[in-house]
Every structure is written in structure tokens, then in C-alpha cells.
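Student: The file below is input-v2.cif, mmCIF, C-alpha atoms:
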data_start
loop_
_atom_site.label_atom_id
_atom_site.label_comp_id
_atom_site.auth_asym_id
_atom_site.auth_seq_id
_atom_site.Cartn_x
_atom_site.Cartn_y
_atom_site.Cartn_z
CA MET V 1003 68.66 100.29 57.52
CA GLU V 1004 72.02 99.01 58.76
CA PRO V 1005 72.03 97.11 62.04
CA GLN V 1006 73.45 99.10 64.93
CA ASN V 1007 77.01 98.23 65.86
CA LYS V 1008 76.91 96.45 69.20
CA THR V 1009 79.85 95.66 71.43
CA SER V 1010 80.45 94.73 75.02
CA ALA V 1011 82.76 97.71 75.38
CA SER V 1012 85.44 97.55 78.06
CA GLU V 1013 86.91 100.98 77.32
CA PHE V 1014 85.24 104.39 77.07
CA ILE V 1015 86.24 107.90 76.07
CA LEU V 1016 85.85 110.40 78.91
CA LEU V 1017 84.85 113.86 77.70
CA GLY V 1018 85.95 115.34 81.02
CA LEU V 1019 84.65 118.39 82.86
CA SER V 1020 85.05 120.58 79.80
CA GLU V 1021 85.34 119.76 76.12
CA LYS V 1022 87.20 123.01 75.42
CA PRO V 1023 91.01 122.48 75.28
CA GLU V 1024 91.73 126.01 76.53
CA HIS V 1025 90.13 125.11 79.89
CA GLU V 1026 92.40 122.12 80.47
CA PRO V 1027 95.48 123.95 81.94
CA VAL V 1028 93.26 125.70 84.52
CA LEU V 1029 91.44 122.46 85.40
CA PHE V 1030 94.73 120.57 85.69
CA SER V 1031 96.26 123.16 88.06
CA LEU V 1032 93.09 123.42 90.14
CA PHE V 1033 92.54 119.69 90.60
CA LEU V 1034 96.24 119.01 91.18
CA CYS V 1035 96.22 121.53 94.07
CA MET V 1036 92.97 120.05 95.41
CA TYR V 1037 94.37 116.53 95.29
CA VAL V 1038 97.62 117.50 97.05
CA VAL V 1039 95.64 119.25 99.81
CA THR V 1040 93.34 116.19 100.08
CA VAL V 1041 96.23 113.74 100.40
CA VAL V 1042 98.24 115.83 102.87
CA GLY V 1043 95.21 116.80 104.99
CA ASN V 1044 93.71 113.33 105.32
CA LEU V 1045 97.03 111.58 105.91
CA LEU V 1046 97.91 114.12 108.61
CA ILE V 1047 94.59 113.42 110.34
CA ILE V 1048 95.26 109.66 110.26
CA LEU V 1049 98.86 110.01 111.50
CA ALA V 1050 97.96 112.52 114.22
CA ILE V 1051 95.17 110.31 115.59
CA SER V 1052 97.25 107.13 115.47
CA SER V 1053 100.24 108.79 117.18
CA ASP V 1054 98.33 110.40 120.07
CA SER V 1055 96.95 107.97 122.66
CA HIS V 1056 94.55 110.65 123.96
CA LEU V 1057 92.71 110.44 120.65
CA HIS V 1058 92.21 106.68 120.76
CA THR V 1059 88.47 107.11 121.32
CA PRO V 1060 85.48 106.03 119.19
CA MET V 1061 84.96 109.50 117.67
CA TYR V 1062 88.54 109.77 116.42
CA PHE V 1063 88.61 106.11 115.39
CA PHE V 1064 85.68 106.80 113.04
CA LEU V 1065 87.29 110.05 111.86
CA ALA V 1066 90.54 108.25 110.99
CA ASN V 1067 88.57 105.71 108.95
CA LEU V 1068 86.64 108.51 107.20
CA SER V 1069 89.94 110.23 106.32
CA LEU V 1070 91.28 106.96 104.88
CA VAL V 1071 88.13 106.49 102.78
CA ASP V 1072 88.20 110.13 101.60
CA PHE V 1073 91.82 109.73 100.55
CA CYS V 1074 91.00 106.55 98.61
CA LEU V 1075 87.87 108.05 97.01
CA ALA V 1076 89.78 111.08 95.71
CA THR V 1077 92.70 108.88 94.58
CA ASN V 1078 90.33 106.70 92.59
CA THR V 1079 89.12 109.59 90.39
CA ILE V 1080 91.37 112.69 90.38
CA PRO V 1081 94.78 111.22 89.35
CA LYS V 1082 93.27 109.51 86.29
CA MET V 1083 91.61 112.78 85.29
CA LEU V 1084 94.94 114.62 85.67
CA VAL V 1085 96.72 112.01 83.54
CA ASN V 1086 94.03 112.28 80.87
CA ILE V 1087 94.40 116.07 80.74
CA GLN V 1088 98.19 115.95 80.66
CA THR V 1089 98.52 113.21 78.03
CA ARG V 1090 95.36 114.24 76.13
CA SER V 1091 94.34 110.59 76.27
CA LYS V 1092 90.76 110.37 77.49
CA SER V 1093 90.23 106.62 77.43
CA ILE V 1094 89.40 104.68 80.56
CA SER V 1095 88.73 101.03 81.19
CA PHE V 1096 85.33 99.85 82.38
CA SER V 1097 86.15 99.92 86.09
CA MET V 1098 83.80 101.32 88.77
CA TYR V 1099 84.29 98.91 91.63
CA PHE V 1100 86.56 101.02 93.85
CA PHE V 1101 84.68 104.28 93.21
CA HIS V 1102 81.39 102.78 94.41
CA PHE V 1103 83.11 100.87 97.19
CA PHE V 1104 84.61 104.00 98.76
CA GLY V 1105 81.55 106.14 97.95
CA ILE V 1106 79.30 103.74 99.88
CA MET V 1107 81.84 103.58 102.72
CA ASP V 1108 81.86 107.38 102.93
CA SER V 1109 78.09 107.56 103.25
CA VAL V 1110 77.82 104.83 105.88
CA LEU V 1111 80.74 106.17 107.95
CA ILE V 1112 79.17 109.64 108.11
CA ALA V 1113 76.01 108.01 109.48
CA VAL V 1114 78.06 105.99 111.98
CA MET V 1115 79.74 109.19 113.20
CA THR V 1116 76.29 110.72 113.72
CA TYR V 1117 75.32 107.74 115.90
CA ASP V 1118 78.50 108.26 117.92
CA ARG V 1119 77.57 111.94 118.53
CA PHE V 1120 73.99 110.90 119.37
CA VAL V 1121 75.17 108.49 122.08
CA ALA V 1122 77.74 110.98 123.43
CA ILE V 1123 75.18 113.80 123.84
CA CYS V 1124 71.93 111.96 124.55
CA HIS V 1125 73.38 109.14 126.70
CA PRO V 1126 76.67 110.55 128.11
CA LEU V 1127 76.69 108.36 131.23
CA HIS V 1128 76.42 105.17 129.17
CA TYR V 1129 78.72 106.29 126.32
CA ALA V 1130 81.72 104.17 127.30
CA THR V 1131 79.53 101.10 127.80
CA ILE V 1132 77.60 101.48 124.52
CA MET V 1133 80.53 102.52 122.30
CA ASN V 1134 82.75 99.66 123.38
CA PRO V 1135 85.63 98.41 121.17
CA ARG V 1136 83.57 95.47 119.88
CA LEU V 1137 80.72 97.70 118.66
CA CYS V 1138 83.17 100.22 117.15
CA GLY V 1139 84.84 97.39 115.25
CA LEU V 1140 81.48 96.19 113.94
CA LEU V 1141 80.39 99.72 112.97
CA VAL V 1142 83.52 100.08 110.82
CA GLY V 1143 84.09 96.48 109.69
CA GLY V 1144 80.44 95.95 108.72
CA PRO V 1145 80.40 98.78 106.13
CA TRP V 1146 83.61 97.45 104.54
CA VAL V 1147 81.96 94.06 103.93
CA TYR V 1148 78.64 95.64 102.90
CA SER V 1149 80.34 98.04 100.45
CA CYS V 1150 82.31 95.18 98.93
CA PHE V 1151 79.12 93.17 98.30
CA ILE V 1152 77.15 96.10 96.80
CA SER V 1153 80.01 97.23 94.55
CA LEU V 1154 80.61 93.71 93.28
CA THR V 1155 76.89 93.33 92.47
CA HIS V 1156 77.00 96.60 90.51
CA ILE V 1157 79.92 95.32 88.44
CA LEU V 1158 78.27 91.96 87.74
CA LEU V 1159 75.07 93.68 86.60
CA MET V 1160 77.03 96.07 84.36
CA ALA V 1161 78.99 93.17 82.82
CA ARG V 1162 75.80 91.74 81.29
CA LEU V 1163 75.09 94.93 79.32
CA VAL V 1164 75.92 95.51 75.66
CA PHE V 1165 77.03 98.97 74.50
CA CYS V 1166 76.31 100.45 71.08
CA GLY V 1167 78.87 102.20 68.90
CA ASP V 1168 79.25 105.50 70.77
CA SER V 1169 81.65 105.04 73.68
CA GLU V 1170 81.93 108.72 74.66
CA LEU V 1171 81.08 109.30 78.31
CA SER V 1172 80.11 112.85 79.28
CA HIS V 1173 81.94 112.70 82.59
CA TYR V 1174 85.44 112.72 84.11
CA PHE V 1175 85.21 109.23 85.63
CA CYS V 1176 83.28 106.03 84.96
CA ASP V 1177 80.04 106.63 86.88
CA LEU V 1178 76.92 104.47 86.72
CA THR V 1179 74.26 106.92 85.59
CA PRO V 1180 75.95 108.26 82.41
CA LEU V 1181 77.28 104.79 81.61
CA LEU V 1182 73.81 103.25 81.60
CA ARG V 1183 72.73 105.78 78.96
CA LEU V 1184 75.24 104.31 76.51
CA SER V 1185 73.81 100.80 76.70
CA CYS V 1186 71.57 99.61 73.87
CA THR V 1187 70.20 96.71 75.94
CA ASP V 1188 67.53 96.81 78.63
CA THR V 1189 68.92 98.51 81.75
CA THR V 1190 65.77 98.23 83.87
CA VAL V 1191 67.35 95.80 86.35
CA ASN V 1192 70.40 98.05 86.70
CA LYS V 1193 68.30 101.18 87.24
CA ILE V 1194 66.14 99.45 89.86
CA PHE V 1195 69.25 98.23 91.68
CA VAL V 1196 70.74 101.75 91.57
CA LEU V 1197 67.56 103.13 93.18
CA ILE V 1198 67.50 100.39 95.82
CA VAL V 1199 71.17 100.95 96.70
CA ALA V 1200 70.73 104.74 96.70
CA GLY V 1201 67.80 104.30 99.08
CA MET V 1202 69.85 102.07 101.39
CA VAL V 1203 73.17 103.97 101.40
CA ILE V 1204 72.05 107.57 100.80
CA ALA V 1205 68.38 108.14 101.72
CA THR V 1206 68.23 105.83 104.76
CA PRO V 1207 71.42 107.13 106.43
CA PHE V 1208 70.34 110.71 105.67
CA VAL V 1209 66.92 110.21 107.31
CA CYS V 1210 68.59 108.52 110.31
CA ILE V 1211 71.02 111.44 110.59
CA LEU V 1212 68.17 113.97 110.55
CA ALA V 1213 66.27 112.00 113.22
CA SER V 1214 69.42 111.72 115.36
CA TYR V 1215 70.14 115.44 115.14
CA ALA V 1216 66.54 116.25 116.07
CA ARG V 1217 67.08 114.25 119.28
CA ILE V 1218 70.53 115.80 119.77
CA ILE V 1219 69.20 119.36 119.46
CA MET V 1220 66.40 118.58 121.94
CA ALA V 1221 68.98 117.19 124.38
CA ILE V 1222 71.28 120.21 123.94
CA MET V 1223 68.44 122.67 124.57
CA LYS V 1224 67.91 121.03 127.97
CA VAL V 1225 71.50 121.79 129.05
CA PRO V 1226 71.17 124.52 131.72
CA SER V 1227 74.40 126.46 131.04
CA ALA V 1228 75.01 128.52 127.89
CA GLY V 1229 78.63 127.33 127.86
CA GLY V 1230 77.55 123.70 127.89
CA ARG V 1231 75.12 124.27 125.01
CA LYS V 1232 77.80 126.09 123.01
CA LYS V 1233 80.31 123.26 123.55
CA ALA V 1234 77.75 120.61 122.52
CA PHE V 1235 76.75 122.52 119.38
CA SER V 1236 80.44 123.00 118.54
CA THR V 1237 81.11 119.26 118.56
CA CYS V 1238 78.22 118.69 116.13
CA SER V 1239 78.57 121.67 113.77
CA SER V 1240 81.60 120.28 111.94
CA HIS V 1241 79.87 116.96 111.33
CA LEU V 1242 76.69 118.70 110.13
CA SER V 1243 78.75 120.62 107.56
CA VAL V 1244 80.03 117.33 106.14
CA VAL V 1245 76.49 115.88 106.09
CA VAL V 1246 75.15 118.83 104.08
CA LEU V 1247 78.06 118.77 101.61
CA PHE V 1248 78.02 115.03 100.99
CA TYR V 1249 74.33 114.11 101.03
CA GLY V 1250 73.21 117.32 99.33
CA THR V 1251 75.20 116.41 96.22
CA THR V 1252 74.76 112.61 96.18
CA ILE V 1253 70.98 112.91 96.52
CA GLY V 1254 71.00 115.24 93.51
CA VAL V 1255 72.92 112.70 91.41
CA TYR V 1256 71.33 109.37 92.37
CA LEU V 1257 67.83 110.13 93.70
CA CYS V 1258 66.56 113.12 91.69
CA PRO V 1259 64.37 112.33 88.63
CA SER V 1260 66.31 112.05 85.36
CA SER V 1261 64.11 114.80 83.89
CA VAL V 1262 65.75 117.43 86.11
CA ARG V 1263 69.29 116.10 85.77
CA THR V 1264 71.75 117.34 83.15
CA ALA V 1265 75.32 116.32 82.36
CA VAL V 1266 76.59 119.64 83.71
CA LYS V 1267 74.68 119.24 87.01
CA GLU V 1268 75.87 115.65 87.39
CA LYS V 1269 79.50 116.62 86.86
CA ALA V 1270 79.25 119.59 89.24
CA SER V 1271 77.70 117.40 91.96
CA ALA V 1272 80.29 114.67 91.37
CA VAL V 1273 83.10 117.20 91.83
CA MET V 1274 81.58 118.13 95.19
CA TYR V 1275 81.50 114.61 96.65
CA THR V 1276 84.61 113.14 94.96
CA ALA V 1277 86.97 116.13 95.24
CA VAL V 1278 85.68 119.05 97.32
CA THR V 1279 84.28 117.11 100.32
CA PRO V 1280 87.38 114.88 100.79
CA MET V 1281 89.54 118.02 100.57
CA LEU V 1282 87.48 120.03 103.08
CA ASN V 1283 86.88 117.28 105.66
CA PRO V 1284 90.31 117.60 107.37
CA PHE V 1285 89.78 121.37 107.74
CA ILE V 1286 86.17 121.05 108.90
CA TYR V 1287 87.04 118.49 111.59
CA SER V 1288 90.30 120.05 112.78
CA LEU V 1289 89.68 123.82 112.75
CA ARG V 1290 87.12 123.73 115.59
CA ASN V 1291 88.61 120.77 117.43
CA ARG V 1292 91.17 121.79 120.03
CA ASP V 1293 92.33 118.23 120.78
CA LEU V 1294 92.90 117.39 117.12
CA LYS V 1295 94.70 120.68 116.46
CA GLY V 1296 96.94 119.97 119.43
CA ALA V 1297 97.68 116.45 118.18
CA LEU V 1298 98.48 117.79 114.69
CA ARG V 1299 100.88 120.40 116.08
CA LYS V 1300 102.53 117.80 118.30
CA PHE V 1301 102.94 115.35 115.41
CA ILE V 1302 104.36 117.97 113.03
CA ASN V 1303 106.75 119.31 115.70
CA GLN V 1304 108.01 115.79 116.41
CA LYS V 1305 108.71 115.18 112.70
CA VAL V 1306 110.44 118.55 112.33
CA SER V 1307 112.62 117.99 115.40
CA THR V 1308 113.65 114.46 114.36
CA SER V 1309 114.56 115.58 110.83
CA SER V 1310 116.64 118.57 111.98
#
Can I see the file as C-alpha cells?
Tutor:
Amino acid sequence: MEPQNKTSASEFILLGLSEKPEHEPVLFSLFLCMYVVTVVGNLLIILAISSDSHLHTPMYFFLANLSLVDFCLATNTIPKMLVNIQTRSKSISFSMYFFHFFGIMDSVLIAVMTYDRFVAICHPLHYATIMNPRLCGLLVGGPWVYSCFISLTHILLMARLVFCGDSELSHYFCDLTPLLRLSCTDTTVNKIFVLIVAGMVIATPFVCILASYARIIMAIMKVPSAGGRKKAFSTCSSHLSVVVLFYGTTIGVYLCPSSVRTAVKEKASAVMYTAVTPMLNPFIYSLRNRDLKGALRKFINQKVSTSS
């Protein structure tokens, strides 16, 4: 029997969301529209918050950072997929650093925003003291450093692997789980590290979010007026929508047993957290937020008036 062809591959062939060429024009149009909406929506959120001094508060500071991360996460995956569809070239270099960097940032920032809502509702009198500029800087700066370290470790562990012959990746970007299946060397260390990281950046924040919202709901139910309860629930509902969208799909990809995962399910879940969630976040956070809607209108009106 001939020895298996082994190579430390640095380039892979992405099979994309669909292997049928007739689906490509529809996918290209759909994801191009989604990406344009993602870019415009998230950049508008960032510009509106930065231009309105009334929104220079911890909640909007975290939201601006989340919008920046969402923009970067979508930019790291969708444009390459669009280029591959348009040019019919499906090759991609072995590069996952920025995808995991921004994915981890997204998860941690959503948890940080939950903590902000927890303090605002459960400890309103001490909110300004607790959420001081120093702590806000640490809550945002810390995840950037942490994400950098975790992503770099992933890359170093992947660099030691050897890949056999087949370099076709049943995905539309270079993700860890399908990539590990192509290796013909022992991936036990990599798989253990994936589980540890998933526990730290997905499961742990998710459990903390659930615990925080249990306390938040208890605090809201103690509010005597119906109007006060409605206002408190309104400030949390948009964030809860993001939590369900993001963690519901990432848990399915990185924490569910491999026996229940399929390539189709993995790709569908990946679309949700790399394309759909970054696109919907600006709408989710702005549609029910009067201050943010006002800042957006003010910013757009200023730009229209200065250009006319």
C-alpha cells in the first residue's frame, strides 16, 4: 500500500455554502446585500455614538466597541467568500487568527454589556461609581489582550499539524473544527484546547449572562410602577435578543458533540454568528432605543446639510 501523501498545507480549497454552481448568483447577491447593510449599520452606530456627547456613557461605549468588532468579524469572512464566488477561485490561505480574535471579542463584549445592564438595574444608585472610566477601559481593553493571546495560541497549535492529501474544506471560511478533520496527525491537544477555550469564552459568559438576567428580572419585578417595569424590560430585551442569536449558534458549533454535528448544520450556524448577527445588531439596538435613534437622525441630518 502506498504511503499517504502528507504535507503541511498552507492553502485549502473552500467548498463554500453550496457546491452547486447554479446557487452561486443567489448566494453572491444575498451576502453582498447583507455585508453592505452590516457595514453601513455598524459604522453609523459608531459615528452616531462618537458624535453625540449625550451618548458618552458606559452602555454606548460598549455598544460602539461591539459594532466595531461586528464590522471586523463580518469583514474577515464575507468579502473573501464573495471574491471566491465571483472569480470561481475557492482557495484560501491557512489564516484563522483574525476570525477567532474577533469572535472571542464578540462573545466577551456581549457578557460585558450584560454586566453593565446588571449594575444599572440592580445597583442604580452606585452605577456611576462602579462603572467608572477606569473599569470601562479595563472591561474593553482586557478582552482585546485576552483574545489576542487565545487566537495566537490557536495558530501556534495548528502550525504543528500535518495535513494529508485532501485539502478541500467543507466550509466558506477557514474554521477550526472542519480544519482539524483534514489533519492526519494527532489533534488531541488541539481539540482539548478548543473545548477549554469554548468553555471560557462561550459557556462561562453564557452562564454568567443567565445568572445576571435572573437577578435583573427579580429586581425589575420589585419595581412598583408598571411603566418602570416596562422601561427596564425594554432596555434589556434588545440585548437578550443578541444573546440568544449569538450564543445559541456558537454553542451548537463548538460545544455540541461531534456525533450530532453535520457540515450543513455547522455552516448554517456559522452564517448566523458571522453574518446574520453582525447585520442585525444595529437594528436590534437602535429600533427600541430612543436616544440612539435621535443621535442617528441628528448625525445623518448634519451630514446631509453639510453636503448640500
Student: Could you check which of V:Phe1151, V:Tyr1256, V:Phe1100, V:Phe1208 is closest to Val1196 of chain V, using only C-alpha atoms?
Tutor: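 Using only C-alpha atoms, the shortest distance to Val1196 of chain V belongs to V:Tyr1256.
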Student: Measure the distance from atom CA of Leu1057 of chain V to atom CA of Lys1300 of chain V in Å and round it to one decimal.
Tutor: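 Between these atoms lies a distance of 12.5 Å.
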Student: Quote the spacing between atom CA of Leu1127 of chain V and atom CA of Ser1214 of chain V in Å to one decimal place.
Tutor: 17.8 Å
Student: Could you tell me which residues the PyMOL selection byres ((chain V and resi 1284) around 10) returns for this structure, as a ChimeraX atom specification?
Tutor: /V:1039-1048,1065,1068-1069,1072,1279-1283,1285-1289
Student: For atom CA of Leu1171 of chain V and atom CA of Ile1015 of chain V, quote the distance in Å rounded to one decimal.
Tutor: 5.8 Å
Student: Rank V:Thr1179, V:Thr1187, V:Ser1109, V:Ser1309 by their smallest atom-to-atom distance to Val1142 of chain V, using all atoms listed in the file, and report the top residue only.
Tutor: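 When distances to Val1142 of chain V are compared using all atoms listed in the file, the smallest one comes from V:Ser1109.
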Student: Can you put N, CA, C and O atoms back into segment 1046-1070 of chain V and show it as an mmCIF file, in the coordinates of the input?
Tutor:
data_model
loop_
_atom_site.group_PDB
_atom_site.id
_atom_site.type_symbol
_atom_site.label_atom_id
_atom_site.label_comp_id
_atom_site.auth_asym_id
_atom_site.auth_seq_id
_atom_site.Cartn_x
_atom_site.Cartn_y
_atom_site.Cartn_z
ATOM 1 N N LEU V 1046 97.527 113.496 107.336
ATOM 2 C CA LEU V 1046 97.910 114.120 108.610
ATOM 3 C C LEU V 1046 96.909 113.790 109.706
ATOM 4 O O LEU V 1046 97.296 113.534 110.853
ATOM 5 N N ILE V 1047 95.622 113.782 109.356
ATOM 6 C CA ILE V 1047 94.590 113.420 110.340
ATOM 7 C C ILE V 1047 94.819 111.992 110.831
ATOM 8 O O ILE V 1047 94.789 111.716 112.042
ATOM 9 N N ILE V 1048 95.049 111.070 109.899
ATOM 10 C CA ILE V 1048 95.260 109.660 110.260
ATOM 11 C C ILE V 1048 96.499 109.506 111.148
ATOM 12 O O ILE V 1048 96.463 108.831 112.179
ATOM 13 N N LEU V 1049 97.602 110.143 110.746
ATOM 14 C CA LEU V 1049 98.860 110.010 111.500
ATOM 15 C C LEU V 1049 98.760 110.674 112.868
ATOM 16 O O LEU V 1049 99.278 110.136 113.851
ATOM 17 N N ALA V 1050 98.099 111.829 112.939
ATOM 18 C CA ALA V 1050 97.960 112.520 114.220
ATOM 19 C C ALA V 1050 97.135 111.703 115.203
ATOM 20 O O ALA V 1050 97.488 111.576 116.387
ATOM 21 N N ILE V 1051 96.029 111.125 114.722
ATOM 22 C CA ILE V 1051 95.170 110.310 115.590
ATOM 23 C C ILE V 1051 95.879 109.038 116.043
ATOM 24 O O ILE V 1051 95.814 108.653 117.213
ATOM 25 N N SER V 1052 96.573 108.387 115.114
ATOM 26 C CA SER V 1052 97.250 107.130 115.470
ATOM 27 C C SER V 1052 98.440 107.345 116.410
ATOM 28 O O SER V 1052 98.791 106.454 117.181
ATOM 29 N N SER V 1053 99.049 108.543 116.371
ATOM 30 C CA SER V 1053 100.240 108.790 117.180
ATOM 31 C C SER V 1053 99.933 109.349 118.564
ATOM 32 O O SER V 1053 100.804 109.387 119.428
ATOM 33 N N ASP V 1054 98.704 109.806 118.793
ATOM 34 C CA ASP V 1054 98.330 110.400 120.070
ATOM 35 C C ASP V 1054 97.353 109.489 120.816
ATOM 36 O O ASP V 1054 96.209 109.313 120.391
ATOM 37 N N SER V 1055 97.784 108.930 121.912
ATOM 38 C CA SER V 1055 96.950 107.970 122.660
ATOM 39 C C SER V 1055 95.694 108.629 123.234
ATOM 40 O O SER V 1055 94.699 107.942 123.487
ATOM 41 N N HIS V 1056 95.740 109.962 123.442
ATOM 42 C CA HIS V 1056 94.550 110.650 123.960
ATOM 43 C C HIS V 1056 93.404 110.662 122.949
ATOM 44 O O HIS V 1056 92.246 110.897 123.317
ATOM 45 N N LEU V 1057 93.732 110.426 121.691
ATOM 46 C CA LEU V 1057 92.710 110.440 120.650
ATOM 47 C C LEU V 1057 92.246 109.044 120.257
ATOM 48 O O LEU V 1057 91.552 108.879 119.263
ATOM 49 N N HIS V 1058 92.637 108.058 121.037
ATOM 50 C CA HIS V 1058 92.210 106.680 120.760
ATOM 51 C C HIS V 1058 90.826 106.459 121.374
ATOM 52 O O HIS V 1058 90.642 105.648 122.299
ATOM 53 N N THR V 1059 89.854 107.194 120.861
ATOM 54 C CA THR V 1059 88.470 107.110 121.320
ATOM 55 C C THR V 1059 87.593 106.796 120.107
ATOM 56 O O THR V 1059 88.031 106.942 118.956
ATOM 57 N N PRO V 1060 86.341 106.367 120.329
ATOM 58 C CA PRO V 1060 85.480 106.030 119.190
ATOM 59 C C PRO V 1060 85.345 107.139 118.157
ATOM 60 O O PRO V 1060 85.417 106.896 116.953
ATOM 61 N N MET V 1061 85.153 108.400 118.610
ATOM 62 C CA MET V 1061 84.960 109.500 117.670
ATOM 63 C C MET V 1061 86.140 109.645 116.716
ATOM 64 O O MET V 1061 85.972 109.789 115.496
ATOM 65 N N TYR V 1062 87.345 109.598 117.262
ATOM 66 C CA TYR V 1062 88.540 109.770 116.420
ATOM 67 C C TYR V 1062 88.866 108.503 115.632
ATOM 68 O O TYR V 1062 89.477 108.581 114.565
ATOM 69 N N PHE V 1063 88.456 107.360 116.141
ATOM 70 C CA PHE V 1063 88.610 106.110 115.390
ATOM 71 C C PHE V 1063 87.778 106.178 114.103
ATOM 72 O O PHE V 1063 88.256 105.837 113.015
ATOM 73 N N PHE V 1064 86.536 106.646 114.227
ATOM 74 C CA PHE V 1064 85.680 106.800 113.040
ATOM 75 C C PHE V 1064 86.224 107.885 112.109
ATOM 76 O O PHE V 1064 86.175 107.740 110.884
ATOM 77 N N LEU V 1065 86.744 108.963 112.683
ATOM 78 C CA LEU V 1065 87.290 110.050 111.860
ATOM 79 C C LEU V 1065 88.504 109.587 111.072
ATOM 80 O O LEU V 1065 88.659 109.948 109.896
ATOM 81 N N ALA V 1066 89.366 108.775 111.698
ATOM 82 C CA ALA V 1066 90.540 108.250 110.990
ATOM 83 C C ALA V 1066 90.114 107.370 109.822
ATOM 84 O O ALA V 1066 90.702 107.428 108.730
ATOM 85 N N ASN V 1067 89.083 106.561 110.029
ATOM 86 C CA ASN V 1067 88.570 105.710 108.950
ATOM 87 C C ASN V 1067 87.944 106.548 107.839
ATOM 88 O O ASN V 1067 88.114 106.246 106.651
ATOM 89 N N LEU V 1068 87.225 107.625 108.213
ATOM 90 C CA LEU V 1068 86.640 108.510 107.200
ATOM 91 C C LEU V 1068 87.743 109.190 106.377
ATOM 92 O O LEU V 1068 87.613 109.317 105.158
ATOM 93 N N SER V 1069 88.820 109.600 107.034
ATOM 94 C CA SER V 1069 89.940 110.230 106.320
ATOM 95 C C SER V 1069 90.590 109.243 105.347
ATOM 96 O O SER V 1069 90.952 109.618 104.228
ATOM 97 N N LEU V 1070 90.719 107.985 105.769
ATOM 98 C CA LEU V 1070 91.280 106.960 104.880
ATOM 99 C C LEU V 1070 90.380 106.761 103.664
ATOM 100 O O LEU V 1070 90.867 106.695 102.522
#
